[in-house]
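First the structure, in the form of structure tokens, and then the observations on it.
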Amino acid sequence: MDRIRIVGGRELNGVIQISGAKNAALPLMIASLLTAETLTLDNLPNLADVNMLLRILGHHGVDHSVDGRRLGAAPNASRPVHLTARDIVDTTAPYELVSKMRASFWVIAPLLARMGEAKVSLPGGCAIGTRPVDLLIMALEKLGASIEIEAGYVHAKAPKGLRGAEIAFPKVTVGGTHTALMAASLAHGHTRIVNAAREPEVVDLADCLIKMGARIKGAGQSVIDIEGVARLNGASHRVLPDRIEAGTYAIAAAMAGGDVMLEGAEAGLLQSALDVLVEAGATIHVVNEGIRVQRNGAGLMPVDIVTAPFPGFPTDLQAQFMALMTKAKGRSRITETIFENRFMHVQELARLGAHIRLEGDVALVDGVDRLEGAPVMATDLRASVSLVIAALAAEGETMVNRVYHLDRGFEHLETKLSGCGAIIERLSGYN
Ligand code: EPZ
């Protein structure tokens, strides 16, 4: 297992290329199960989660290749990846695969819609909370599926196909909206999703489904209408830029100081985070190539945030922003409203000298003048990268353990940061 060693105290200056979005890539790849024709995805990030999903999809019968050649290992991000589910060979997604990556539960929707049956393992808990799938199951039931849950598996059947219906989500769910979109695209008749997630990744999935022949209106708004079609075709689609990666490096630049150009980042995808960074003292310029983030010697101001569904402040940037606030001049208040247990980074940030007190779903962060490097580890990818951000501004050496969390969601993290002057390196082969 690898570690990352960081020596703090260097400004960041340079250009960082923003990769394709992990959380758009995953549902887009899963959408390949909806058609026997080829779905070509460009700008797929080269991440552990993407490679794991390729394996999972392969289990169901999806063939993948890069420019005609079958891939043994990782996809090359710079070239399109072709996914073809000519024949679905297995409609069961076993525990061994689903437990490795929660999002793979979403295969239930295309398998059910196309094959009339799917048996998918319940994903189980994870480091950021219990994360149930009751709303995904509710959506499929509304579309006419009969669902049985037995021995840890969700067994969904719709032998005569799915029927359009109104699906009103009692709370905003990204995965629920992805599931409903994919299933309703191949259902008979009209579906309306009410209180749909408005995240850019939902819009990206809808855009791709539309290219595949789906009839979807309203993605990006709270109400989405879908007119089911009998079959979907192949298509080519470019994965949208990763707003969480862009936000992470913007926060890193604000933390370390300096001047960083986030090439390919789209400001409209992370406006709430950029607004908060400006309040905290960073200078942001939106330019043709992307987003330029600068902070000179001036100190950081404390800012209160509350995580919320898009267009609110994203939960996936909460840990990184907390790292930034550990060095603000005063107290900031960070409220997590999406996941009940997403404060696992607090104890590790404390190891670097941060002063943070937890009160239920609120973290009170009292900025300190000085952080000091230490060995740390984290239990999910956003928490791990928050430790990297803190380490960039800490005195001395920080060793981040369990780097596989970072590899799930950040492409070439250490290369991107060292290219801007950070002292950061990967050390291979540690337990
Ligand atoms: C997606 O997870 C993302 N994952 C998460 O990113 C992200 O944090 C989350 O959306 C919120 O933005 C991917 O896109 C692969 P939800 P998802 O359904 O879809 C509750 C990262 O770091 N809920 O929007 O699983 C749930 O417990 C990851 O990249 C139910 O109660 O999240 C949560 O409180 C982590 N029942 C809330 O809804 C359900 O059936 C929102 O979850 C489903 C969800």
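By order in the structure tokens, chains are A, B, ...; within a chain, residues start at 1; ligands start at 1, following the order shown.
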Among range 227-409 of chain A, which ones does DSSP place in helix (DSSP H, G or I), written as a PyMOL selection string? chain A and resi 243-256+267-269+271-280+315-325+345-351+381-392+404-409
For the interface of chain A with ligand 1 (cut-off 6 Å, counting only C-alpha atoms and all ligand atoms), please tabulate each contacting residue of chain A alongside its nearest pair of atoms and their separation in Å to one decimal, rows sorted by chain and increasing number, as JSON lines.
```
{"residue": "A:Asn23", "atom": "CA", "partner": "ligand 1", "partner_atom_place_in_ligand_line": "14 (O)", "distance": 4.0}
{"residue": "A:Ala103", "atom": "CA", "partner": "ligand 1", "partner_atom_place_in_ligand_line": "15 (C)", "distance": 5.0}
{"residue": "A:Arg131", "atom": "CA", "partner": "ligand 1", "partner_atom_place_in_ligand_line": "27 (O)", "distance": 3.7}
{"residue": "A:Pro132", "atom": "CA", "partner": "ligand 1", "partner_atom_place_in_ligand_line": "36 (N)", "distance": 4.6}
{"residue": "A:Val133", "atom": "CA", "partner": "ligand 1", "partner_atom_place_in_ligand_line": "40 (O)", "distance": 3.2}
{"residue": "A:Asp134", "atom": "CA", "partner": "ligand 1", "partner_atom_place_in_ligand_line": "40 (O)", "distance": 3.9}
{"residue": "A:Leu135", "atom": "CA", "partner": "ligand 1", "partner_atom_place_in_ligand_line": "40 (O)", "distance": 3.4}
{"residue": "A:Leu136", "atom": "CA", "partner": "ligand 1", "partner_atom_place_in_ligand_line": "40 (O)", "distance": 4.8}
{"residue": "A:Thr173", "atom": "CA", "partner": "ligand 1", "partner_atom_place_in_ligand_line": "24 (O)", "distance": 3.4}
{"residue": "A:Val174", "atom": "CA", "partner": "ligand 1", "partner_atom_place_in_ligand_line": "24 (O)", "distance": 3.7}
{"residue": "A:Gly175", "atom": "CA", "partner": "ligand 1", "partner_atom_place_in_ligand_line": "19 (O)", "distance": 3.3}
{"residue": "A:Gly176", "atom": "CA", "partner": "ligand 1", "partner_atom_place_in_ligand_line": "18 (O)", "distance": 5.7}
{"residue": "A:Thr315", "atom": "CA", "partner": "ligand 1", "partner_atom_place_in_ligand_line": "8 (O)", "distance": 5.6}
{"residue": "A:Asp316", "atom": "CA", "partner": "ligand 1", "partner_atom_place_in_ligand_line": "8 (O)", "distance": 5.1}
{"residue": "A:Ile338", "atom": "CA", "partner": "ligand 1", "partner_atom_place_in_ligand_line": "34 (O)", "distance": 4.6}
{"residue": "A:Phe339", "atom": "CA", "partner": "ligand 1", "partner_atom_place_in_ligand_line": "34 (O)", "distance": 4.5}
{"residue": "A:Arg382", "atom": "CA", "partner": "ligand 1", "partner_atom_place_in_ligand_line": "22 (O)", "distance": 5.6}
```
Please, could you write that set of residues out with C-alpha atoms as a compact mmCIF listing (two decimals), in the first residue's frame?
```
# COMPACT_ATOMS: atom_id res chain seq x y z
CA ASN A 23 -19.34 11.09 -10.21
CA ALA A 103 -22.42 3.33 -6.99
CA ARG A 131 -26.41 5.42 3.16
CA PRO A 132 -29.61 3.43 2.58
CA VAL A 133 -31.06 2.61 -0.87
CA ASP A 134 -34.75 2.70 0.17
CA LEU A 135 -35.50 5.63 -2.16
CA LEU A 136 -33.94 3.87 -5.14
CA THR A 173 -30.98 11.89 -3.84
CA VAL A 174 -28.41 11.88 -6.63
CA GLY A 175 -28.32 8.08 -6.93
CA GLY A 176 -32.14 7.92 -6.76
CA THR A 315 -20.85 17.85 0.90
CA ASP A 316 -17.97 16.49 -1.21
CA ILE A 338 -26.31 15.46 3.74
CA PHE A 339 -24.49 12.62 5.53
CA ARG A 382 -12.63 13.55 0.42
```
What's the 12 Å shell around Leu143 in chain A, counting only C-alpha atoms, without same-chain residues fewer than 2 positions away, as a ChimeraX atom specification? /A:109,112-113,116,136-141,145-147,156-158,160-168,179-193,228
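All residues of range 150-257 of chain A that DSSP, run on the backbone, classes as strand (DSSP E) are A:Glu150, A:Tyr153, A:Val154, A:His155, A:Ala156, A:Lys157, A:Glu166, A:Ile167, A:Ala168, A:His190, A:Thr191, A:Arg192, A:Ile193, A:Val194, A:Arg215, A:Ile216, A:Lys217, A:Val223, A:Ile224, A:Asp225, A:Ile226, A:Glu227, A:Ala235, A:Ser236, A:His237, A:Arg238.
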Taking a cut-off of 9 Å and counting only C-alpha atoms, can you build a table that, for each residue of range 162-261 of chain A near range 383-390 of chain A, reports the nearest atom pair and how far apart they are in Å (one decimal), sorted by chain then residue number, as a Markdown table?
```
| residue | atom | partner | partner_atom | distance |
| --- | --- | --- | --- | --- |
| A:Thr248 | CA | A:Val385 | CA | 7.9 |
| A:Tyr249 | CA | A:Ile389 | CA | 8.6 |
| A:Ile251 | CA | A:Ile389 | CA | 7.7 |
| A:Ala252 | CA | A:Ile389 | CA | 5.4 |
| A:Ala253 | CA | A:Ile389 | CA | 8.8 |
| A:Met255 | CA | A:Ile389 | CA | 7.0 |
| A:Ala256 | CA | A:Ile389 | CA | 8.0 |
```
Take the residues from that selection and write them out as a PDB file, in the first residue's frame, keeping N, CA, C and O atoms.
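Writing the result to selection.pdb gives the following:
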```pdb
ATOM      1  N   THR A 248     -11.409  21.295  -4.960  1.00  0.00           N
ATOM      2  CA  THR A 248     -10.358  20.832  -4.054  1.00  0.00           C
ATOM      3  C   THR A 248      -9.054  21.590  -4.310  1.00  0.00           C
ATOM      4  O   THR A 248      -8.395  22.071  -3.378  1.00  0.00           O
ATOM      5  N   TYR A 249      -8.677  21.723  -5.593  1.00  0.00           N
ATOM      6  CA  TYR A 249      -7.434  22.439  -5.891  1.00  0.00           C
ATOM      7  C   TYR A 249      -7.587  23.944  -5.663  1.00  0.00           C
ATOM      8  O   TYR A 249      -6.613  24.620  -5.314  1.00  0.00           O
ATOM      9  N   ILE A 251      -9.287  25.191  -3.214  1.00  0.00           N
ATOM     10  CA  ILE A 251      -9.096  25.299  -1.759  1.00  0.00           C
ATOM     11  C   ILE A 251      -7.618  25.116  -1.418  1.00  0.00           C
ATOM     12  O   ILE A 251      -7.067  25.830  -0.569  1.00  0.00           O
ATOM     13  N   ALA A 252      -6.962  24.190  -2.103  1.00  0.00           N
ATOM     14  CA  ALA A 252      -5.529  23.965  -1.850  1.00  0.00           C
ATOM     15  C   ALA A 252      -4.732  25.239  -2.136  1.00  0.00           C
ATOM     16  O   ALA A 252      -3.823  25.618  -1.376  1.00  0.00           O
ATOM     17  N   ALA A 253      -5.083  25.922  -3.248  1.00  0.00           N
ATOM     18  CA  ALA A 253      -4.372  27.158  -3.599  1.00  0.00           C
ATOM     19  C   ALA A 253      -4.642  28.235  -2.552  1.00  0.00           C
ATOM     20  O   ALA A 253      -3.737  28.985  -2.157  1.00  0.00           O
ATOM     21  N   MET A 255      -5.268  27.701   0.536  1.00  0.00           N
ATOM     22  CA  MET A 255      -4.568  27.291   1.759  1.00  0.00           C
ATOM     23  C   MET A 255      -3.071  27.594   1.669  1.00  0.00           C
ATOM     24  O   MET A 255      -2.479  28.166   2.579  1.00  0.00           O
ATOM     25  N   ALA A 256      -2.456  27.199   0.549  1.00  0.00           N
ATOM     26  CA  ALA A 256      -1.001  27.323   0.434  1.00  0.00           C
ATOM     27  C   ALA A 256      -0.590  28.731   0.012  1.00  0.00           C
ATOM     28  O   ALA A 256       0.552  29.141   0.229  1.00  0.00           O
TER      29      ALA A 256
END
```
Can you tell me which residues surround Ile356 in chain A at a distance of at most 9 Å, considering only C-alpha atoms, apart from same-chain residues fewer than 3 positions away, and format the answer as an mmCIF file with N, CA, C and O atoms, in the first residue's frame?
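Saved to part38.cif:
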```cif
data_model
loop_
_atom_site.group_PDB
_atom_site.id
_atom_site.type_symbol
_atom_site.label_atom_id
_atom_site.label_comp_id
_atom_site.auth_asym_id
_atom_site.auth_seq_id
_atom_site.Cartn_x
_atom_site.Cartn_y
_atom_site.Cartn_z
ATOM 1 N N THR A 326 -9.042 25.642 9.270
ATOM 2 C CA THR A 326 -8.189 25.410 10.445
ATOM 3 C C THR A 326 -7.133 26.499 10.585
ATOM 4 O O THR A 326 -6.564 26.661 11.651
ATOM 5 N N VAL A 346 -12.057 14.995 11.237
ATOM 6 C CA VAL A 346 -11.812 15.927 12.345
ATOM 7 C C VAL A 346 -10.670 15.447 13.251
ATOM 8 O O VAL A 346 -9.752 16.207 13.573
ATOM 9 N N GLN A 347 -10.712 14.181 13.617
ATOM 10 C CA GLN A 347 -9.675 13.653 14.515
ATOM 11 C C GLN A 347 -8.294 13.718 13.876
ATOM 12 O O GLN A 347 -7.291 13.957 14.543
ATOM 13 N N LEU A 349 -7.346 15.845 11.411
ATOM 14 C CA LEU A 349 -6.910 17.255 11.316
ATOM 15 C C LEU A 349 -6.371 17.711 12.667
ATOM 16 O O LEU A 349 -5.406 18.483 12.756
ATOM 17 N N ALA A 350 -6.989 17.195 13.739
ATOM 18 C CA ALA A 350 -6.519 17.541 15.092
ATOM 19 C C ALA A 350 -5.075 17.070 15.296
ATOM 20 O O ALA A 350 -4.286 17.711 15.997
ATOM 21 N N ALA A 363 -19.548 21.431 13.029
ATOM 22 C CA ALA A 363 -18.151 21.471 13.475
ATOM 23 C C ALA A 363 -17.774 22.930 13.687
ATOM 24 O O ALA A 363 -17.976 23.766 12.801
ATOM 25 N N LEU A 364 -17.278 23.232 14.877
ATOM 26 C CA LEU A 364 -16.813 24.585 15.173
ATOM 27 C C LEU A 364 -15.296 24.573 15.051
ATOM 28 O O LEU A 364 -14.615 23.840 15.763
ATOM 29 N N VAL A 365 -14.792 25.350 14.109
ATOM 30 C CA VAL A 365 -13.366 25.328 13.816
ATOM 31 C C VAL A 365 -12.753 26.641 14.278
ATOM 32 O O VAL A 365 -13.124 27.717 13.795
ATOM 33 N N ASP A 366 -11.839 26.565 15.236
ATOM 34 C CA ASP A 366 -11.121 27.762 15.689
ATOM 35 C C ASP A 366 -9.766 27.764 15.007
ATOM 36 O O ASP A 366 -8.925 26.893 15.264
ATOM 37 N N GLY A 367 -9.580 28.747 14.133
ATOM 38 C CA GLY A 367 -8.345 28.797 13.351
ATOM 39 C C GLY A 367 -7.120 28.911 14.250
ATOM 40 O O GLY A 367 -7.167 29.523 15.316
#
```
Near Ile4 in chain A, within 8 Å and counting only C-alpha atoms, which residues show up once chain neighbours fewer than 6 positions away are dropped, as a list of chain:residue names? A:Met399, A:Val400, A:Asn401, A:Val403, A:Glu414, A:Ile424, A:Glu425, A:Arg426, A:Leu427
Find the nearest atom pair between each residue of range 110-199 of chain A and range 294-310 of chain A for residues within 12 Å, count only C-alpha atoms, give distances in Å to one decimal, sort rows by chain and ascending number, and present the table as a Markdown table.
```
| residue | atom | partner | partner_atom | distance |
| --- | --- | --- | --- | --- |
| A:Lys171 | CA | A:Pro309 | CA | 9.8 |
| A:Val172 | CA | A:Pro309 | CA | 7.0 |
| A:Thr173 | CA | A:Pro309 | CA | 8.5 |
| A:Val174 | CA | A:Pro309 | CA | 8.8 |
| A:Asn195 | CA | A:Pro309 | CA | 11.0 |
| A:Ala196 | CA | A:Pro309 | CA | 10.3 |
| A:Ala197 | CA | A:Pro309 | CA | 7.3 |
| A:Arg198 | CA | A:Phe310 | CA | 5.8 |
| A:Glu199 | CA | A:Phe310 | CA | 5.2 |
```
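Coordinates place CA of His237 in chain A at a distance of 22.5 Å from CA of Phe105 in chain A.
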Find the residues around Lys22 in chain A up to 8 Å (only C-alpha atoms counted), leave out those fewer than 6 positions away in its own chain, and share them as number ranges by chain. A: 44-45, 47, 49-50, 242, 409
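Using only C-alpha atoms, the smallest distance between any of A:Val154, A:Leu39, A:Leu352, A:Ala250 and Ala282 in chain A comes from A:Ala250.
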Closest atom pairs, residues of range 223-273 of chain A within 10 Å of range 81-101 of chain A, only C-alpha atoms, as JSON lines:
```
{"residue": "A:Gly234", "atom": "CA", "partner": "A:Thr84", "partner_atom": "CA", "distance": 8.5}
{"residue": "A:Ala235", "atom": "CA", "partner": "A:His82", "partner_atom": "CA", "distance": 9.8}
{"residue": "A:Ser236", "atom": "CA", "partner": "A:His82", "partner_atom": "CA", "distance": 8.8}
```
Near Arg79 in chain A, counting only C-alpha atoms, which residues have an atom at most 10 Å away, once you skip same-chain residues fewer than 4 positions from it, shown as an NGL selection string? :A and (41-44 or 66-67 or 75)
Please produce a file of the residues just selected, as a compact mmCIF listing (two decimals), in the first residue's frame, where the atoms kept are N, CA and C atoms.
```
# COMPACT_ATOMS: atom_id res chain seq x y z
N LEU A 41 -17.30 6.97 -24.40
CA LEU A 41 -17.13 8.04 -23.41
C LEU A 41 -15.73 8.61 -23.52
N ASP A 42 -15.68 9.92 -23.69
CA ASP A 42 -14.40 10.61 -23.77
C ASP A 42 -14.17 11.31 -22.43
N ASN A 43 -12.91 11.59 -22.13
CA ASN A 43 -12.55 12.32 -20.90
C ASN A 43 -12.85 11.53 -19.63
N LEU A 44 -12.85 10.19 -19.74
CA LEU A 44 -13.03 9.36 -18.53
C LEU A 44 -11.77 9.50 -17.68
N VAL A 66 -10.29 0.61 -25.93
CA VAL A 66 -9.86 1.97 -26.21
C VAL A 66 -9.43 1.99 -27.66
N ASP A 67 -10.12 2.79 -28.47
CA ASP A 67 -9.82 2.87 -29.90
C ASP A 67 -9.67 1.49 -30.53
N PRO A 75 -7.94 2.49 -18.40
CA PRO A 75 -8.25 3.20 -19.63
C PRO A 75 -7.33 4.42 -19.74
```
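Considering only C-alpha atoms, the residue among A:Asp259, A:Glu348, A:Glu227, A:Asp407 positioned nearest to Ala319 in chain A is A:Glu348.
For the residues A:Ala246, A:Val293, A:Val368, A:Val276, ranking by smallest atom-to-atom distance to Gly20 in chain A using only C-alpha atoms places A:Ala246 first.
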